[in-house]
>>> print(open('structure18.pdb').read())   # PDB, C-alpha atoms, pLDDT in the B column
ATOM      1  CA  MET A   1      10.276   3.190  -4.358  1.00 90.00           C
ATOM      2  CA  PHE A   2       6.521   3.729  -3.865  1.00 98.00           C
ATOM      3  CA  HIS A   3       4.355   5.472  -1.302  1.00 98.00           C
ATOM      4  CA  ILE A   4       1.785   3.189   0.302  1.00 98.00           C
ATOM      5  CA  VAL A   5      -1.194   5.097   1.701  1.00 98.00           C
ATOM      6  CA  LEU A   6      -3.604   3.552   4.186  1.00 98.00           C
ATOM      7  CA  VAL A   7      -6.675   5.726   4.622  1.00 98.00           C
ATOM      8  CA  GLU A   8      -8.129   5.193   8.107  1.00 97.00           C
ATOM      9  CA  PRO A   9      -6.796   1.653   8.624  1.00 96.00           C
ATOM     10  CA  GLU A  10      -8.636  -0.298  11.310  1.00 95.00           C
ATOM     11  CA  ILE A  11      -6.738  -3.515  12.013  1.00 92.00           C
ATOM     12  CA  PRO A  12      -3.286  -3.236  13.614  1.00 87.00           C
ATOM     13  CA  GLN A  13      -2.088  -6.610  12.315  1.00 89.00           C
ATOM     14  CA  ASN A  14      -2.746  -5.512   8.727  1.00 92.00           C
ATOM     15  CA  ALA A  15      -0.884  -2.243   9.231  1.00 90.00           C
ATOM     16  CA  GLY A  16       2.003  -4.155  10.807  1.00 89.00           C
ATOM     17  CA  ASN A  17       2.163  -6.600   7.898  1.00 91.00           C
ATOM     18  CA  ILE A  18       2.073  -3.705   5.441  1.00 94.00           C
ATOM     19  CA  ALA A  19       4.851  -1.971   7.353  1.00 92.00           C
ATOM     20  CA  ARG A  20       6.916  -5.130   6.978  1.00 91.00           C
ATOM     21  CA  THR A  21       6.271  -5.155   3.217  1.00 95.00           C
ATOM     22  CA  CYS A  22       7.316  -1.502   3.072  1.00 96.00           C
ATOM     23  CA  ALA A  23      10.494  -2.279   5.012  1.00 93.00           C
ATOM     24  CA  ALA A  24      11.394  -5.129   2.657  1.00 93.00           C
ATOM     25  CA  THR A  25      10.789  -3.069  -0.478  1.00 95.00           C
ATOM     26  CA  GLY A  26      11.893   0.436   0.468  1.00 95.00           C
ATOM     27  CA  CYS A  27       8.399   1.899   0.224  1.00 97.00           C
ATOM     28  CA  THR A  28       7.224   4.763   2.429  1.00 98.00           C
ATOM     29  CA  LEU A  29       4.128   4.072   4.527  1.00 97.00           C
ATOM     30  CA  HIS A  30       1.581   6.883   4.922  1.00 98.00           C
ATOM     31  CA  LEU A  31      -1.067   6.449   7.616  1.00 96.00           C
ATOM     32  CA  VAL A  32      -4.088   8.739   7.322  1.00 97.00           C
ATOM     33  CA  ARG A  33      -5.995   9.392  10.545  1.00 96.00           C
ATOM     34  CA  PRO A  34      -8.149   8.473  12.247  1.00 95.00           C
ATOM     35  CA  LEU A  35      -6.451   5.141  12.885  1.00 91.00           C
ATOM     36  CA  GLY A  36      -8.435   2.244  14.323  1.00 88.00           C
ATOM     37  CA  PHE A  37      -5.589   1.446  16.711  1.00 79.00           C
ATOM     38  CA  GLU A  38      -2.825   3.056  18.728  1.00 79.00           C
ATOM     39  CA  VAL A  39       0.610   3.160  17.117  1.00 77.00           C
ATOM     40  CA  SER A  40       1.938   1.527  20.272  1.00 75.00           C
ATOM     41  CA  ASP A  41      -0.444  -1.431  19.792  1.00 58.00           C
ATOM     42  CA  LYS A  42       1.318  -4.738  20.541  1.00 71.00           C
ATOM     43  CA  TYR A  43      -0.335  -6.423  17.539  1.00 64.00           C
ATOM     44  CA  LEU A  44       0.900  -3.694  15.209  1.00 63.00           C
ATOM     45  CA  LYS A  45       4.434  -4.004  16.567  1.00 67.00           C
ATOM     46  CA  ARG A  46       4.377  -7.806  16.549  1.00 69.00           C
ATOM     47  CA  ALA A  47       3.142  -7.986  12.941  1.00 58.00           C
ATOM     48  CA  GLY A  48       5.956  -5.648  11.874  1.00 56.00           C
ATOM     49  CA  LEU A  49       8.442  -7.739  13.873  1.00 63.00           C
ATOM     50  CA  ASP A  50      11.865  -6.164  14.084  1.00 72.00           C
ATOM     51  CA  TYR A  51      11.521  -4.275  10.791  1.00 76.00           C
ATOM     52  CA  TRP A  52      10.220  -0.996  12.201  1.00 78.00           C
ATOM     53  CA  HIS A  53      13.605   0.714  12.015  1.00 82.00           C
ATOM     54  CA  LEU A  54      13.572   0.108   8.236  1.00 88.00           C
ATOM     55  CA  VAL A  55      10.185   1.759   7.647  1.00 90.00           C
ATOM     56  CA  ASN A  56       9.648   5.418   6.876  1.00 94.00           C
ATOM     57  CA  VAL A  57       6.186   6.071   8.366  1.00 93.00           C
ATOM     58  CA  VAL A  58       4.465   9.396   7.715  1.00 96.00           C
ATOM     59  CA  TYR A  59       1.259  10.364   9.532  1.00 95.00           C
ATOM     60  CA  HIS A  60      -1.427  12.637   8.071  1.00 98.00           C
ATOM     61  CA  ASP A  61      -4.477  14.111   9.764  1.00 97.00           C
ATOM     62  CA  SER A  62      -6.512  13.805   6.548  1.00 97.00           C
ATOM     63  CA  PHE A  63      -6.222  12.596   2.978  1.00 97.00           C
ATOM     64  CA  GLU A  64      -6.616  16.209   1.829  1.00 97.00           C
ATOM     65  CA  GLU A  65      -3.485  17.077   3.816  1.00 98.00           C
ATOM     66  CA  LEU A  66      -1.547  14.348   2.034  1.00 98.00           C
ATOM     67  CA  ILE A  67      -2.704  15.659  -1.360  1.00 97.00           C
ATOM     68  CA  ARG A  68      -1.749  19.243  -0.425  1.00 97.00           C
ATOM     69  CA  GLU A  69       1.716  18.070   0.632  1.00 97.00           C
ATOM     70  CA  ASN A  70       2.199  16.173  -2.659  1.00 97.00           C
ATOM     71  CA  PRO A  71       0.463  18.278  -5.342  1.00 96.00           C
ATOM     72  CA  THR A  72       2.322  16.854  -8.345  1.00 97.00           C
ATOM     73  CA  ALA A  73       2.277  13.200  -7.302  1.00 98.00           C
ATOM     74  CA  LYS A  74       0.511  10.428  -9.198  1.00 98.00           C
ATOM     75  CA  PHE A  75      -2.080   8.585  -7.097  1.00 98.00           C
ATOM     76  CA  TYR A  76      -3.619   5.184  -7.827  1.00 98.00           C
ATOM     77  CA  TYR A  77      -6.756   4.275  -5.888  1.00 98.00           C
ATOM     78  CA  PHE A  78      -7.278   0.573  -5.250  1.00 98.00           C
ATOM     79  CA  THR A  79     -10.922  -0.454  -5.152  1.00 97.00           C
ATOM     80  CA  THR A  80     -13.097  -3.425  -6.010  1.00 94.00           C
ATOM     81  CA  LYS A  81     -15.326  -0.969  -7.905  1.00 92.00           C
ATOM     82  CA  ALA A  82     -12.780  -0.077 -10.619  1.00 95.00           C
ATOM     83  CA  ARG A  83     -12.998  -1.415 -14.161  1.00 94.00           C
ATOM     84  CA  VAL A  84      -9.251  -1.257 -14.857  1.00 96.00           C
ATOM     85  CA  CYS A  85      -6.929  -4.035 -13.675  1.00 97.00           C
ATOM     86  CA  TYR A  86      -3.979  -2.888 -11.574  1.00 98.00           C
ATOM     87  CA  ALA A  87      -1.590  -4.665 -13.984  1.00 97.00           C
ATOM     88  CA  GLN A  88      -2.698  -2.255 -16.734  1.00 97.00           C
ATOM     89  CA  ALA A  89      -1.471   0.749 -14.743  1.00 97.00           C
ATOM     90  CA  ALA A  90       2.031   2.063 -15.468  1.00 97.00           C
ATOM     91  CA  PHE A  91       3.516   2.384 -11.982  1.00 98.00           C
ATOM     92  CA  ARG A  92       6.573   4.600 -11.609  1.00 97.00           C
ATOM     93  CA  ALA A  93       8.912   5.195  -8.718  1.00 96.00           C
ATOM     94  CA  GLY A  94       7.393   7.768  -6.383  1.00 97.00           C
ATOM     95  CA  ASP A  95       3.758   6.927  -7.177  1.00 98.00           C
ATOM     96  CA  PHE A  96       1.233   6.778  -4.342  1.00 98.00           C
ATOM     97  CA  LEU A  97      -0.773   3.548  -4.036  1.00 98.00           C
ATOM     98  CA  VAL A  98      -3.879   4.314  -1.977  1.00 98.00           C
ATOM     99  CA  PHE A  99      -5.915   1.769  -0.016  1.00 98.00           C
ATOM    100  CA  GLY A 100      -9.027   2.241   2.113  1.00 98.00           C
ATOM    101  CA  LYS A 101     -10.101   0.910   5.451  1.00 96.00           C
ATOM    102  CA  GLU A 102     -10.782  -2.784   5.797  1.00 95.00           C
ATOM    103  CA  THR A 103     -14.552  -2.542   6.358  1.00 94.00           C
ATOM    104  CA  LYS A 104     -15.508   0.058   3.746  1.00 95.00           C
ATOM    105  CA  GLY A 105     -12.633   0.660   1.358  1.00 96.00           C
ATOM    106  CA  LEU A 106     -12.024   4.157   0.043  1.00 97.00           C
ATOM    107  CA  PRO A 107     -14.756   6.813   0.275  1.00 96.00           C
ATOM    108  CA  GLU A 108     -16.984   6.817  -2.797  1.00 96.00           C
ATOM    109  CA  GLU A 109     -16.588  10.577  -3.297  1.00 96.00           C
ATOM    110  CA  LEU A 110     -12.822  10.089  -3.578  1.00 96.00           C
ATOM    111  CA  LEU A 111     -13.275   7.365  -6.189  1.00 97.00           C
ATOM    112  CA  LEU A 112     -15.778   9.457  -8.143  1.00 97.00           C
ATOM    113  CA  ALA A 113     -13.362  12.397  -8.134  1.00 96.00           C
ATOM    114  CA  HIS A 114     -10.572  10.237  -9.653  1.00 96.00           C
ATOM    115  CA  PRO A 115     -12.229   7.644 -11.937  1.00 96.00           C
ATOM    116  CA  ASN A 116      -9.250   7.380 -14.316  1.00 96.00           C
ATOM    117  CA  ASP A 117      -6.883   6.600 -11.462  1.00 98.00           C
ATOM    118  CA  CYS A 118      -8.890   3.752  -9.912  1.00 98.00           C
ATOM    119  CA  VAL A 119      -7.612   0.187 -10.301  1.00 98.00           C
ATOM    120  CA  ARG A 120      -8.699  -3.200  -9.048  1.00 97.00           C
ATOM    121  CA  ILE A 121      -7.173  -6.561  -8.298  1.00 97.00           C
ATOM    122  CA  PRO A 122      -9.183  -9.210 -10.187  1.00 96.00           C
ATOM    123  CA  MET A 123     -10.978 -11.915  -8.220  1.00 94.00           C
ATOM    124  CA  ILE A 124     -14.029 -14.106  -8.634  1.00 94.00           C
ATOM    125  CA  GLU A 125     -17.396 -12.362  -8.341  1.00 88.00           C
ATOM    126  CA  GLU A 126     -18.430 -14.256  -5.222  1.00 91.00           C
ATOM    127  CA  SER A 127     -15.436 -12.854  -3.318  1.00 89.00           C
ATOM    128  CA  ARG A 128     -15.988  -9.496  -1.662  1.00 84.00           C
ATOM    129  CA  SER A 129     -12.333  -8.492  -1.311  1.00 87.00           C
ATOM    130  CA  LEU A 130      -8.794  -9.577  -0.477  1.00 94.00           C
ATOM    131  CA  ASN A 131      -7.128  -8.945   2.856  1.00 96.00           C
ATOM    132  CA  LEU A 132      -5.687  -5.418   2.919  1.00 97.00           C
ATOM    133  CA  SER A 133      -2.099  -6.490   3.566  1.00 96.00           C
ATOM    134  CA  ASN A 134      -2.311  -9.026   0.718  1.00 97.00           C
ATOM    135  CA  SER A 135      -3.662  -6.355  -1.635  1.00 98.00           C
ATOM    136  CA  VAL A 136      -0.807  -4.015  -0.785  1.00 98.00           C
ATOM    137  CA  ALA A 137       1.758  -6.769  -1.376  1.00 98.00           C
ATOM    138  CA  VAL A 138       0.216  -7.631  -4.763  1.00 98.00           C
ATOM    139  CA  ALA A 139       0.273  -3.962  -5.819  1.00 98.00           C
ATOM    140  CA  VAL A 140       3.784  -3.229  -4.576  1.00 98.00           C
ATOM    141  CA  TYR A 141       5.316  -6.241  -6.274  1.00 97.00           C
ATOM    142  CA  GLU A 142       3.547  -5.493  -9.554  1.00 98.00           C
ATOM    143  CA  GLY A 143       4.972  -1.980  -9.400  1.00 97.00           C
ATOM    144  CA  LEU A 144       8.411  -3.349  -8.606  1.00 96.00           C
ATOM    145  CA  ARG A 145       8.140  -5.858 -11.462  1.00 95.00           C
ATOM    146  CA  GLN A 146       7.230  -3.064 -13.871  1.00 97.00           C
ATOM    147  CA  ASN A 147      10.345  -1.199 -12.712  1.00 95.00           C
ATOM    148  CA  ASP A 148      12.676  -4.218 -13.027  1.00 93.00           C
ATOM    149  CA  PHE A 149      12.824  -4.596  -9.221  1.00 93.00           C
ATOM    150  CA  ARG A 150      15.153  -1.592  -9.142  1.00 89.00           C
ATOM    151  CA  GLY A 151      16.811  -1.185  -5.766  1.00 87.00           C
ATOM    152  CA  LEU A 152      16.173  -4.755  -4.603  1.00 88.00           C
ATOM    153  CA  SER A 153      18.674  -7.598  -4.574  1.00 79.00           C
ATOM    154  CA  SER A 154      18.123 -10.154  -7.298  1.00 64.00           C
ATOM    155  CA  LEU A 155      18.912 -13.846  -7.254  1.00 52.00           C
ATOM    156  CA  GLY A 156      21.967 -13.136  -9.398  1.00 54.00           C
ATOM    157  CA  GLU A 157      23.341 -10.957  -6.598  1.00 52.00           C
ATOM    158  CA  LEU A 158      23.033 -13.687  -3.965  1.00 47.00           C
ATOM    159  CA  HIS A 159      26.369 -15.359  -4.706  1.00 49.00           C
ATOM    160  CA  ASP A 160      26.692 -17.294  -1.442  1.00 54.00           C
ATOM    161  CA  HIS A 161      23.798 -19.615  -2.251  1.00 50.00           C
ATOM    162  CA  LYS A 162      24.306 -22.631  -4.507  1.00 55.00           C
ATOM    163  CA  TRP A 163      20.649 -23.456  -5.149  1.00 50.00           C
TER     164      TRP A 163
END
>>> encode(input="structure18.pdb", output="structure tokens")
Amino acid sequence: MFHIVLVEPEIPQNAGNIARTCAATGCTLHLVRPLGFEVSDKYLKRAGLDYWHLVNVVYHDSFEELIRENPTAKFYYFTTKARVCYAQAAFRAGDFLVFGKETKGLPEELLLAHPNDCVRIPMIEESRSLNLSNSVAVAVYEGLRQNDFRGLSSLGELHDHKW
């Protein structure tokens, strides 16, 4: 459905949780190097549980490489510095949702180069940021909601349950 891009992620548990979200929603996970962990990291694997076979993971040596490989794609940059709320964006299947590293977010020069494509998740002023894996989940499910959860099973399709 969507492409989730983690630019230089640092914490393996977050990447594992995000991989699990991607597995559950059919999103592709793009990891942009350098990574702050080894892909064989036990915490990364444990956080993703037994969902790894359901995740399409693509590795990139740089964000520029990812852009070159996807020249016509629409990118949304998630940052606490944006003025536009993520719910105001019109997400479409195939869009790239880009998130920065846990300690610094996305590079400022990248944000300045794409001001009209930057979005934020609202929170109180005293809060610095949300956890990265939570932010990705919020963004993915808003995009799915906007697209009528296309491709996912709905409650109406779960006939075996009587609740």
>>> closest_residue(input="structure18.pdb", among="A:Ala139, A:Ala15, A:Leu111, A:Leu144", to="Tyr86 of chain A", atoms="only C-alpha atoms")
A:Ala139
>>> residues_around(input="structure18.pdb", residues="segment 31-39 of chain A", least_positions_apart="4", cutoff="9 Å", atoms="all atoms listed in the file", output="VMD selection string")
chain A and resid 4 to 12 15 44 to 45 57 to 63 66
>>> resolve_selection(input="structure18.pdb", expression="the PyMOL selection byres ((chain A and resi 118) around 10)", output="ChimeraX atom specification")
/A:75-86,89,98,110-117,119-120
>>> resolve_selection(input="structure18.pdb", expression="the PyMOL selection byres ((chain A and resi 132) around 9)", output="PyMOL selection string")
chain A and resi 14-15+18+99-102+129-131+133-137
>>> residues_around(input="structure18.pdb", residues="Thr28 of chain A", least_positions_apart="4", cutoff="12 Å", atoms="only C-alpha atoms", output="list in words")
Met1, Phe2, His3, Ile4, Val5, Leu6, Ile18, Ala19, Arg20, Thr21, Cys22, Ala23, Ala24, Trp52, Leu54, Val55, Asn56, Val57, Val58, Tyr59, Ala93, Gly94, Asp95, Phe96, Leu97, Val98 and Val140 of chain A
>>> atom_distance(input="structure18.pdb", atom1="atom CA of Pro107 of chain A", atom2="atom CA of Arg145 of chain A")
28.7 Å
>>> closest_residue(input="structure18.pdb", among="A:Thr103, A:Ser127, A:Thr72, A:Gln88", to="Gly143 of chain A", atoms="only C-alpha atoms")
A:Gln88
>>> atom_distance(input="structure18.pdb", atom1="atom CA of Phe91 of chain A", atom2="atom CA of Arg68 of chain A")
21.1 Å
>>> atom_distance(input="structure18.pdb", atom1="atom CA of Val138 of chain A", atom2="atom CA of Thr25 of chain A")
12.3 Å
>>> axis_aligned_box(input="structure18.pdb", around="segment 22-32 of chain A", padding_each_side="6 Å", output="JSON")
{"center_x": 3.9, "center_y": 1.8, "center_z": 3.6, "size_x": 28.0, "size_y": 25.9, "size_z": 20.1}
>>> closest_residue(input="structure18.pdb", among="A:Ala90, A:Ile121, A:Arg128, A:Lys74", to="Lys104 of chain A", atoms="all atoms listed in the file")
A:Arg128
>>> closest_residue(input="structure18.pdb", among="A:Asp50, A:Cys27, A:Gln13, A:Glu109", to="Gly151 of chain A", atoms="all atoms listed in the file")
A:Cys27
